[in-house]
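With mmCIF, C-alpha atoms inside, this is structure.cif:
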data_final
loop_
_atom_site.label_atom_id
_atom_site.label_comp_id
_atom_site.auth_asym_id
_atom_site.auth_seq_id
_atom_site.Cartn_x
_atom_site.Cartn_y
_atom_site.Cartn_z
CA MET B 12 -3.26 37.82 21.16
CA LYS B 13 -1.67 39.78 18.34
CA LEU B 14 -1.75 38.01 15.00
CA PRO B 15 2.00 38.05 14.33
CA ASP B 16 2.44 36.09 17.57
CA SER B 17 0.30 33.28 16.24
CA PRO B 18 2.40 30.31 15.14
CA ALA B 19 -0.39 29.15 12.82
CA VAL B 20 -0.46 32.52 11.03
CA LYS B 21 3.33 32.45 10.64
CA VAL B 22 3.25 28.95 9.17
CA GLY B 23 0.25 29.87 7.03
CA LEU B 24 2.04 32.92 5.60
CA SER B 25 5.31 31.15 4.87
CA ILE B 26 3.58 28.20 3.23
CA SER B 27 1.52 30.68 1.19
CA ILE B 28 4.63 32.31 -0.18
CA ALA B 29 6.42 29.02 -0.87
CA THR B 30 3.40 27.46 -2.56
CA GLY B 31 2.01 30.53 -4.28
CA PHE B 32 5.30 31.31 -5.96
CA TYR B 33 5.39 28.16 -8.01
CA GLY B 34 2.07 29.06 -9.54
CA ILE B 35 4.57 30.52 -12.06
CA SER B 36 5.47 27.02 -13.22
CA PHE B 37 1.81 26.07 -13.58
CA GLY B 38 1.01 29.19 -15.62
CA ALA B 39 4.00 28.76 -17.93
CA LEU B 40 3.40 25.02 -18.46
CA SER B 41 -0.29 25.55 -19.09
CA VAL B 42 0.20 27.99 -21.97
CA ALA B 43 3.02 25.79 -23.30
CA SER B 44 0.51 22.91 -23.34
CA GLY B 45 -1.81 24.90 -25.59
CA PHE B 46 -4.20 26.49 -23.06
CA ASP B 47 -4.94 30.17 -23.45
CA PHE B 48 -4.56 32.76 -20.69
CA TRP B 49 -8.16 32.59 -19.45
CA GLN B 50 -8.34 28.80 -19.54
CA THR B 51 -5.20 28.78 -17.40
CA MET B 52 -6.69 31.30 -14.99
CA ALA B 53 -9.99 29.37 -14.81
CA LEU B 54 -8.07 26.31 -13.63
CA SER B 55 -6.27 28.25 -10.90
CA LEU B 56 -9.28 30.31 -9.78
CA LEU B 57 -12.03 27.69 -9.96
CA LEU B 58 -10.35 24.29 -9.78
CA PHE B 59 -7.67 25.49 -7.30
CA SER B 60 -5.94 22.24 -6.49
CA GLY B 61 -2.38 22.12 -7.81
CA GLY B 62 -2.08 18.39 -8.46
CA SER B 63 -5.39 18.26 -10.33
CA GLN B 64 -4.47 21.35 -12.34
CA PHE B 65 -1.11 19.89 -13.38
CA ALA B 66 -2.88 16.61 -14.19
CA PHE B 67 -5.43 18.34 -16.42
CA ILE B 68 -2.83 20.19 -18.50
CA GLY B 69 -0.46 17.18 -18.45
CA VAL B 70 -3.04 14.88 -20.04
CA VAL B 71 -3.91 17.45 -22.72
CA ALA B 72 -0.21 18.14 -23.41
CA GLY B 73 0.29 14.41 -24.00
CA GLY B 74 -2.44 14.41 -26.63
CA GLY B 75 -5.20 13.14 -24.33
CA SER B 76 -8.85 14.14 -24.70
CA GLY B 77 -10.68 16.69 -22.55
CA VAL B 78 -12.72 13.95 -20.90
CA ALA B 79 -9.57 11.98 -19.96
CA ALA B 80 -8.04 15.18 -18.54
CA MET B 81 -11.19 15.87 -16.53
CA THR B 82 -11.28 12.31 -15.17
CA ALA B 83 -7.62 12.31 -14.08
CA SER B 84 -8.12 15.70 -12.45
CA ALA B 85 -11.27 14.59 -10.61
CA LEU B 86 -9.67 11.37 -9.32
CA LEU B 87 -6.61 13.24 -8.10
CA GLY B 88 -8.93 15.64 -6.25
CA LEU B 89 -10.70 12.90 -4.29
CA ARG B 90 -8.50 13.40 -1.27
CA ASN B 91 -9.80 16.97 -0.96
CA GLY B 92 -13.15 15.46 0.06
CA ILE B 93 -11.43 13.82 3.01
CA TYR B 94 -9.68 17.07 3.88
CA GLY B 95 -13.09 18.76 3.80
CA MET B 96 -14.36 16.28 6.34
CA GLN B 97 -11.35 16.92 8.59
CA ILE B 98 -11.68 20.71 8.37
CA ASN B 99 -15.41 20.51 8.97
CA ALA B 100 -14.74 18.54 12.14
CA LEU B 101 -12.04 20.97 13.34
CA LEU B 102 -13.52 24.36 12.41
CA GLN B 103 -17.24 23.65 12.09
CA PRO B 104 -17.74 26.60 9.71
CA ARG B 105 -21.35 27.74 9.30
CA GLY B 106 -23.29 29.62 6.61
CA TRP B 107 -21.34 31.13 3.72
CA ARG B 108 -18.05 30.37 5.46
CA ARG B 109 -18.63 26.72 4.77
CA TYR B 110 -18.77 27.33 1.02
CA ALA B 111 -15.69 29.55 1.11
CA ALA B 112 -13.78 27.05 3.25
CA ALA B 113 -14.62 24.29 0.76
CA GLN B 114 -12.89 26.10 -2.10
CA LEU B 115 -9.81 26.68 0.10
CA THR B 116 -9.62 23.03 1.18
CA ILE B 117 -6.29 21.79 -0.21
CA ASP B 118 -3.22 19.93 1.08
CA GLU B 119 -1.49 22.96 2.56
CA SER B 120 -4.42 24.65 4.34
CA THR B 121 -5.54 21.33 5.82
CA ALA B 122 -2.06 20.48 7.00
CA THR B 123 -1.54 23.95 8.51
CA ALA B 124 -4.79 23.68 10.48
CA SER B 125 -4.42 20.08 11.59
CA GLY B 126 -0.86 20.75 12.79
CA GLN B 127 -2.26 22.99 15.55
CA SER B 128 -3.99 21.76 18.67
CA ASP B 129 -5.76 24.95 19.84
CA PRO B 130 -9.08 25.48 17.97
CA ASP B 131 -8.44 29.22 17.48
CA GLU B 132 -5.02 28.49 16.05
CA GLN B 133 -6.47 25.83 13.77
CA ARG B 134 -8.96 28.37 12.45
CA ARG B 135 -6.28 31.05 11.92
CA GLY B 136 -3.96 28.56 10.26
CA PHE B 137 -6.57 27.29 7.83
CA TRP B 138 -7.79 30.70 6.71
CA THR B 139 -4.31 32.27 6.53
CA ALA B 140 -2.90 29.44 4.43
CA GLY B 141 -6.05 29.05 2.34
CA ILE B 142 -6.55 32.72 1.48
CA GLY B 143 -2.81 33.42 1.20
CA ILE B 144 -2.22 30.56 -1.21
CA PHE B 145 -5.35 31.38 -3.21
CA LEU B 146 -4.22 34.98 -3.79
CA LEU B 147 -0.56 34.23 -4.51
CA TRP B 148 -1.21 31.07 -6.55
CA ASN B 149 -3.52 33.02 -8.87
CA LEU B 150 -1.23 36.04 -9.07
CA PHE B 151 1.76 33.89 -9.99
CA THR B 152 -0.28 31.74 -12.38
CA ALA B 153 -1.03 34.93 -14.31
CA VAL B 154 2.65 35.92 -14.26
CA GLY B 155 3.67 32.47 -15.51
CA ALA B 156 1.01 32.42 -18.23
CA LEU B 157 2.06 35.84 -19.54
CA ALA B 158 5.76 34.92 -19.39
CA GLY B 159 5.10 31.56 -21.05
CA ASP B 160 3.20 33.27 -23.87
CA ALA B 161 6.23 35.44 -24.61
CA MET B 162 8.71 32.57 -24.63
CA GLY B 163 8.06 31.06 -28.05
CA ASP B 164 8.94 27.37 -28.60
CA PRO B 165 8.39 25.70 -25.20
CA LYS B 166 10.65 22.74 -26.04
CA GLN B 167 13.63 24.96 -26.59
CA TRP B 168 13.29 26.07 -22.96
CA GLY B 169 12.81 22.52 -21.76
CA LEU B 170 9.29 23.15 -20.54
CA ASP B 171 8.31 19.53 -21.24
CA GLY B 172 11.17 18.58 -18.89
CA ALA B 173 9.78 21.06 -16.35
CA ALA B 174 6.45 19.20 -16.42
CA VAL B 175 8.18 15.88 -15.69
CA ALA B 176 10.07 17.50 -12.81
CA ALA B 177 6.87 19.09 -11.46
CA PHE B 178 5.03 15.76 -11.26
CA LEU B 179 8.01 14.07 -9.63
CA GLY B 180 8.19 16.98 -7.19
CA LEU B 181 4.53 16.51 -6.26
CA LEU B 182 5.00 12.76 -5.84
CA TRP B 183 8.28 12.82 -3.90
CA PRO B 184 7.05 13.99 -0.44
CA ARG B 185 4.52 11.12 -0.45
CA LEU B 186 7.13 8.42 -1.01
CA LYS B 187 7.73 7.68 2.65
CA GLY B 188 8.23 3.98 3.30
CA ARG B 189 8.12 0.84 1.23
CA GLU B 190 4.44 0.67 0.30
CA PRO B 191 4.26 4.10 -1.38
CA TRP B 192 7.33 3.21 -3.45
CA ALA B 193 5.79 -0.11 -4.45
CA ILE B 194 2.52 1.58 -5.46
CA ALA B 195 4.38 4.23 -7.46
CA ALA B 196 6.47 1.57 -9.24
CA ALA B 197 3.45 -0.64 -10.01
CA CYS B 198 1.47 2.31 -11.39
CA ALA B 199 4.39 3.61 -13.46
CA LEU B 200 4.84 0.13 -14.94
CA ALA B 201 1.11 -0.25 -15.65
CA THR B 202 1.20 3.14 -17.39
CA VAL B 203 4.14 2.24 -19.64
CA LEU B 204 2.56 -1.10 -20.56
CA ALA B 205 -0.76 0.58 -21.39
CA VAL B 206 0.61 3.45 -23.53
CA PRO B 207 0.90 1.53 -26.86
CA PHE B 208 -2.54 -0.04 -26.57
CA VAL B 209 -4.97 2.68 -25.47
CA PRO B 210 -5.58 6.32 -26.48
CA SER B 211 -3.50 9.07 -24.85
CA GLY B 212 -4.66 9.98 -21.36
CA VAL B 213 -6.19 6.58 -20.69
CA PRO B 214 -2.95 5.00 -19.34
CA ILE B 215 -3.22 7.43 -16.42
CA LEU B 216 -6.69 6.09 -15.65
CA VAL B 217 -5.39 2.52 -15.88
CA ALA B 218 -2.82 3.47 -13.22
CA ALA B 219 -5.59 4.99 -11.07
CA LEU B 220 -7.46 1.70 -11.27
CA VAL B 221 -4.34 -0.24 -10.26
CA ALA B 222 -3.80 2.14 -7.33
CA GLY B 223 -7.43 1.77 -6.29
CA VAL B 224 -7.25 -2.02 -6.36
CA ILE B 225 -4.01 -1.99 -4.35
CA GLY B 226 -5.64 0.38 -1.85
CA TRP B 227 -8.74 -1.80 -1.55
CA PHE B 228 -6.77 -4.96 -0.77
CA SER B 229 -3.98 -3.50 1.36
CA HIS B 230 -6.08 -1.29 3.63
CA ALA B 231 -5.84 -3.55 6.68
CA ARG B 232 -2.16 -2.81 7.15
CA LYS B 233 -1.60 -0.51 10.09
CA ASP B 234 2.05 0.41 9.55
CA GLU B 235 1.48 2.44 6.42
CA GLY B 236 1.87 6.20 6.22
CA LEU B 237 -0.67 6.66 3.49
CA GLU B 238 -3.18 8.96 5.05
CA PRO B 239 -3.40 11.80 2.54
CA ASP B 240 -1.94 14.33 4.97
CA ILE B 241 1.18 16.34 4.45
CA ASP B 242 3.05 17.96 7.30
CA PRO B 243 4.19 21.57 6.86
CA TYR B 244 5.67 21.49 10.36
CA ALA B 245 8.15 18.72 9.62
CA HIS B 246 11.71 19.78 8.94
CA PRO B 247 13.78 16.68 8.32
CA HIS B 248 17.11 18.51 8.15
CA ARG B 249 16.57 21.34 10.59
CA GLY B 250 14.93 19.76 13.57
CA LYS B 251 11.52 20.80 14.85
CA HIS B 252 11.45 24.28 13.44
CA LYS B 253 8.01 25.81 13.03
CA ASP B 254 8.67 27.50 9.76
CA ALA B 255 7.45 26.06 6.51
CA GLY B 256 9.06 28.66 4.28
CA THR B 257 11.64 26.32 2.81
CA ASP B 258 9.36 23.38 2.62
CA HIS B 259 8.55 21.99 -0.80
CA ARG B 260 5.42 20.01 -0.19
CA SER B 261 3.02 19.57 -3.04
CA ALA B 262 0.55 22.24 -3.96
CA GLU B 263 -2.88 20.88 -4.15
CA MET J 24 -14.52 25.33 -27.19
CA ASN J 25 -14.74 21.64 -26.33
CA LEU J 26 -11.75 22.12 -24.04
CA TRP J 27 -13.54 24.92 -22.17
CA PHE J 28 -16.42 22.55 -21.49
CA TRP J 29 -14.17 19.92 -19.85
CA ILE J 30 -12.28 22.59 -17.92
CA LEU J 31 -15.53 23.81 -16.39
CA VAL J 32 -16.71 20.26 -15.65
CA ALA J 33 -13.37 19.56 -13.92
CA CYS J 34 -13.72 22.79 -11.91
CA ALA J 35 -17.27 21.91 -10.85
CA LEU J 36 -16.26 18.38 -9.82
CA ALA J 37 -13.25 19.68 -7.89
CA TYR J 38 -15.45 22.07 -5.89
CA LEU J 39 -18.18 19.51 -5.29
CA THR J 40 -15.60 16.98 -4.07
CA LYS J 41 -14.30 19.51 -1.55
CA LEU J 42 -17.84 20.46 -0.52
CA VAL J 43 -18.93 16.85 -0.01
CA GLY J 44 -16.60 16.60 2.98
CA TYR J 45 -18.51 19.44 4.68
CA PHE J 46 -21.98 17.98 4.19
CA VAL J 47 -21.65 14.21 4.18
CA PRO J 48 -21.85 12.61 7.65
CA ALA J 49 -18.27 12.03 8.82
CA LYS J 50 -18.96 8.34 9.40
CA LEU J 51 -19.42 7.78 5.69
CA LEU J 52 -15.97 8.99 4.68
CA GLU J 53 -14.18 7.99 7.86
CA SER J 54 -13.80 4.39 6.77
CA PRO J 55 -10.09 3.51 6.90
CA ARG J 56 -10.42 1.81 3.55
CA ILE J 57 -11.64 4.96 1.79
CA MET J 58 -8.95 7.09 3.43
CA HIS J 59 -6.37 4.52 2.36
CA ILE J 60 -7.60 4.41 -1.24
CA ALA J 61 -7.52 8.21 -1.47
CA GLY J 62 -3.84 7.95 -0.45
CA THR J 63 -2.87 5.13 -2.82
CA MET J 64 -4.72 6.75 -5.72
CA THR J 65 -2.92 10.06 -5.24
CA ILE J 66 0.45 8.28 -5.35
CA GLY J 67 -0.54 6.11 -8.32
CA LEU J 68 -1.83 9.04 -10.38
CA LEU J 69 1.22 11.21 -9.70
CA ALA J 70 3.59 8.32 -10.56
CA SER J 71 1.66 7.69 -13.75
CA LEU J 72 1.65 11.38 -14.75
CA THR J 73 5.41 11.54 -14.11
CA ILE J 74 6.21 8.58 -16.36
CA VAL J 75 3.72 9.55 -19.11
CA ASN J 76 5.25 12.99 -19.37
CA ALA J 77 8.75 11.49 -19.36
CA VAL J 78 8.50 8.74 -21.99
CA ALA J 79 5.16 8.80 -23.83
CA SER J 80 4.77 10.44 -27.21
CA GLY J 81 1.23 9.85 -28.41
CA GLN J 82 0.91 6.07 -28.34
CA GLY J 83 4.64 5.50 -28.63
CA LEU J 84 7.40 5.27 -26.02
CA VAL J 85 10.54 7.34 -26.65
CA LEU J 86 13.71 8.08 -24.75
CA ASP J 87 14.57 11.73 -25.32
CA ALA J 88 15.68 14.79 -23.37
CA ARG J 89 12.75 14.36 -20.98
CA ILE J 90 14.31 11.27 -19.39
CA GLY J 91 17.33 13.47 -18.60
CA ALA J 92 14.95 15.95 -16.98
CA LEU J 93 13.48 13.14 -14.86
CA ALA J 94 16.93 12.06 -13.66
CA ALA J 95 18.03 15.63 -12.93
CA ALA J 96 14.82 16.34 -11.00
CA ALA J 97 15.29 13.17 -8.94
CA VAL J 98 18.81 14.28 -8.00
CA ALA J 99 17.52 17.76 -7.05
CA LEU J 100 14.80 16.23 -4.87
CA TRP J 101 17.34 13.88 -3.30
CA LEU J 102 19.35 16.98 -2.36
CA ARG J 103 16.15 18.47 -0.81
CA ALA J 104 15.85 21.31 -3.30
CA PRO J 105 12.61 23.32 -3.04
CA PHE J 106 9.85 22.60 -5.58
CA LEU J 107 10.52 25.58 -7.83
CA VAL J 108 14.24 24.73 -8.04
CA VAL J 109 13.33 21.14 -8.98
CA VAL J 110 11.13 22.39 -11.83
CA ILE J 111 13.84 24.73 -13.11
CA VAL J 112 16.46 21.95 -12.91
CA GLY J 113 14.16 19.71 -14.97
CA ALA J 114 13.69 22.40 -17.62
CA ALA J 115 17.41 23.22 -17.73
CA ALA J 116 18.36 19.55 -18.13
CA ALA J 117 15.95 19.05 -21.05
CA ALA J 118 17.00 22.31 -22.73
CA LEU J 119 20.70 21.51 -22.30
CA LEU J 120 20.36 17.98 -23.70
CA ARG J 121 18.54 19.39 -26.75
CA LEU J 122 21.26 22.00 -27.19
CA LEU J 123 23.76 19.11 -27.24
CA GLY J 124 21.70 17.49 -29.97
CA TRP J 125 19.84 14.74 -28.06
CA GLY J 126 16.07 14.44 -28.18
#

Structure re-expressed in structure tokens:
Amino acid sequence: MKLPDSPAVKVGLSISIATGFYGISFGALSVASGFDFWQTMALSLLLFSGGSQFAFIGVVAGGGSGVAAMTASALLGLRNGIYGMQINALLQPRGWRRYAAAQLTIDESTATASGQSDPDEQRRGFWTAGIGIFLLWNLFTAVGALAGDAMGDPKQWGLDGAAVAAFLGLLWPRLKGREPWAIAAACALATVLAVPFVPSGVPILVAALVAGVIGWFSHARKDEGLEPDIDPYAHPHRGKHKDAGTDHRSAE
Amino acid sequence: MNLWFWILVACALAYLTKLVGYFVPAKLLESPRIMHIAGTMTIGLLASLTIVNAVASGQGLVLDARIGALAAAAVALWLRAPFLVVVIVGAAAAALLRLLGWG
């Protein structure tokens, strides 16, 4: 089978381009939040999980401490452990491949692999999406960081508004059904109530606690859609089209 | 260089979290409750980060151009705009409101 005929490779490539490109927004927001070029690149190269990266810089931008930023980032990355378990079960990578696969285990690569039923296709999908996003995400992070450095006052360009939009954009695809909306509303409310009383960055951890408690007590429900998967194959407005190029799922 | 330290700790934890899934027996993580909590916590953290970045200023709450960015981004998402467009719409809304003298 030639590679271009592989549906998983096609999906992997298109999701790589779509996801990698908005590394620009991460790079620009990171330098606007006071991180230097290499700190920004360290987050994209080593941490490599979009939601956690945005969380880290978002907490620092709001005046939070490094330890609060680290905690928010680590909690937001917990789902990657579950993805790792899923990919391990599907691909059963051995030796050094296991360590490489771990770093590439994010929302998009997991979803690309688990959307295929043939084991070879799952393997191609995971590695194409994982490597493709890793390369493009880092390339565009660098572009964004250099562009952001040259922009001057970030507020004049509305970059603080861009951060708000980025978080809402990461949250939006997960708000399917009533329970996700209720959790989001409860956590937003808990955050606002906590802001005046605790140091910056801590309200986010209060919200994490609220979400954890809700999760602990509501887990028996079977009608929820809260498994941490995303679906790059879904196309709500264009039928069952196997092309994720225009998809805007979160980058994690 | 304090910030560097926490960046590297966050990077190490992120990698170890991913790696755990490959080495821990599947049974341990497969509990529906743990899967469910990973889902609720992701939603809760993202909702919290959205609202903190929209209305918090240190330990105060303010309504400024960022709330306009939040509304504009919501409209863009409602219209199924791709992620990058949503981010640009948010930035443009905040910049425009400031140009008009608000926030």

Set the cut-off to 6 Å and count all atoms listed in the file: what are the residues of chain J that reach chain B? Output as a ChimeraX atom specification.
/J:26,29,33-34,37,40-45,56,59-65,67-71,73,76-77,81-83,89,92-93,96,105-107,110,113-114,117-118

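In this structure, atom CA of B:Trp148 sits 13.7 Å away from atom CA of B:Ser41.
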
With a distance cut-off of 6 Å and only C-alpha atoms, select the neighbouring residues of B:Ser120, excluding the residue or stretch itself and same-chain residues fewer than 4 positions from it, and output the selection as an mmCIF file with C-alpha atoms, in the frame of the given file.
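out05.cif was written with the following content:
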data_model
loop_
_atom_site.group_PDB
_atom_site.id
_atom_site.type_symbol
_atom_site.label_atom_id
_atom_site.label_comp_id
_atom_site.auth_asym_id
_atom_site.auth_seq_id
_atom_site.Cartn_x
_atom_site.Cartn_y
_atom_site.Cartn_z
ATOM 1 C CA PHE B 137 -6.570 27.290 7.830
ATOM 2 C CA ALA B 140 -2.900 29.440 4.430
ATOM 3 C CA GLY B 141 -6.050 29.050 2.340
#

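Of the listed residues (B:Gly106, B:Gly31, B:Gly45, B:Gly61), B:Gly31 comes nearest to B:Ile142; the distances count only C-alpha atoms.
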
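Taking atom CA of J:Ser54 as the reference point, atom CA of B:Gly136 is found at 26.3 Å.
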
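Between atom CA of J:Val78 and atom CA of J:Leu102 lies a distance of 23.9 Å.
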
Residues near stretch 123-125 of chain B, cut-off 8 Å, only C-alpha atoms, skip fewer than 5 positions along chain, as a list in words:
Ala19, Val22, Gly23, Ile98, Leu101, Glu132, Gln133, Arg134, Arg135, Gly136, Phe137, Ala140, Asp242, Pro243 and Tyr244 of chain B
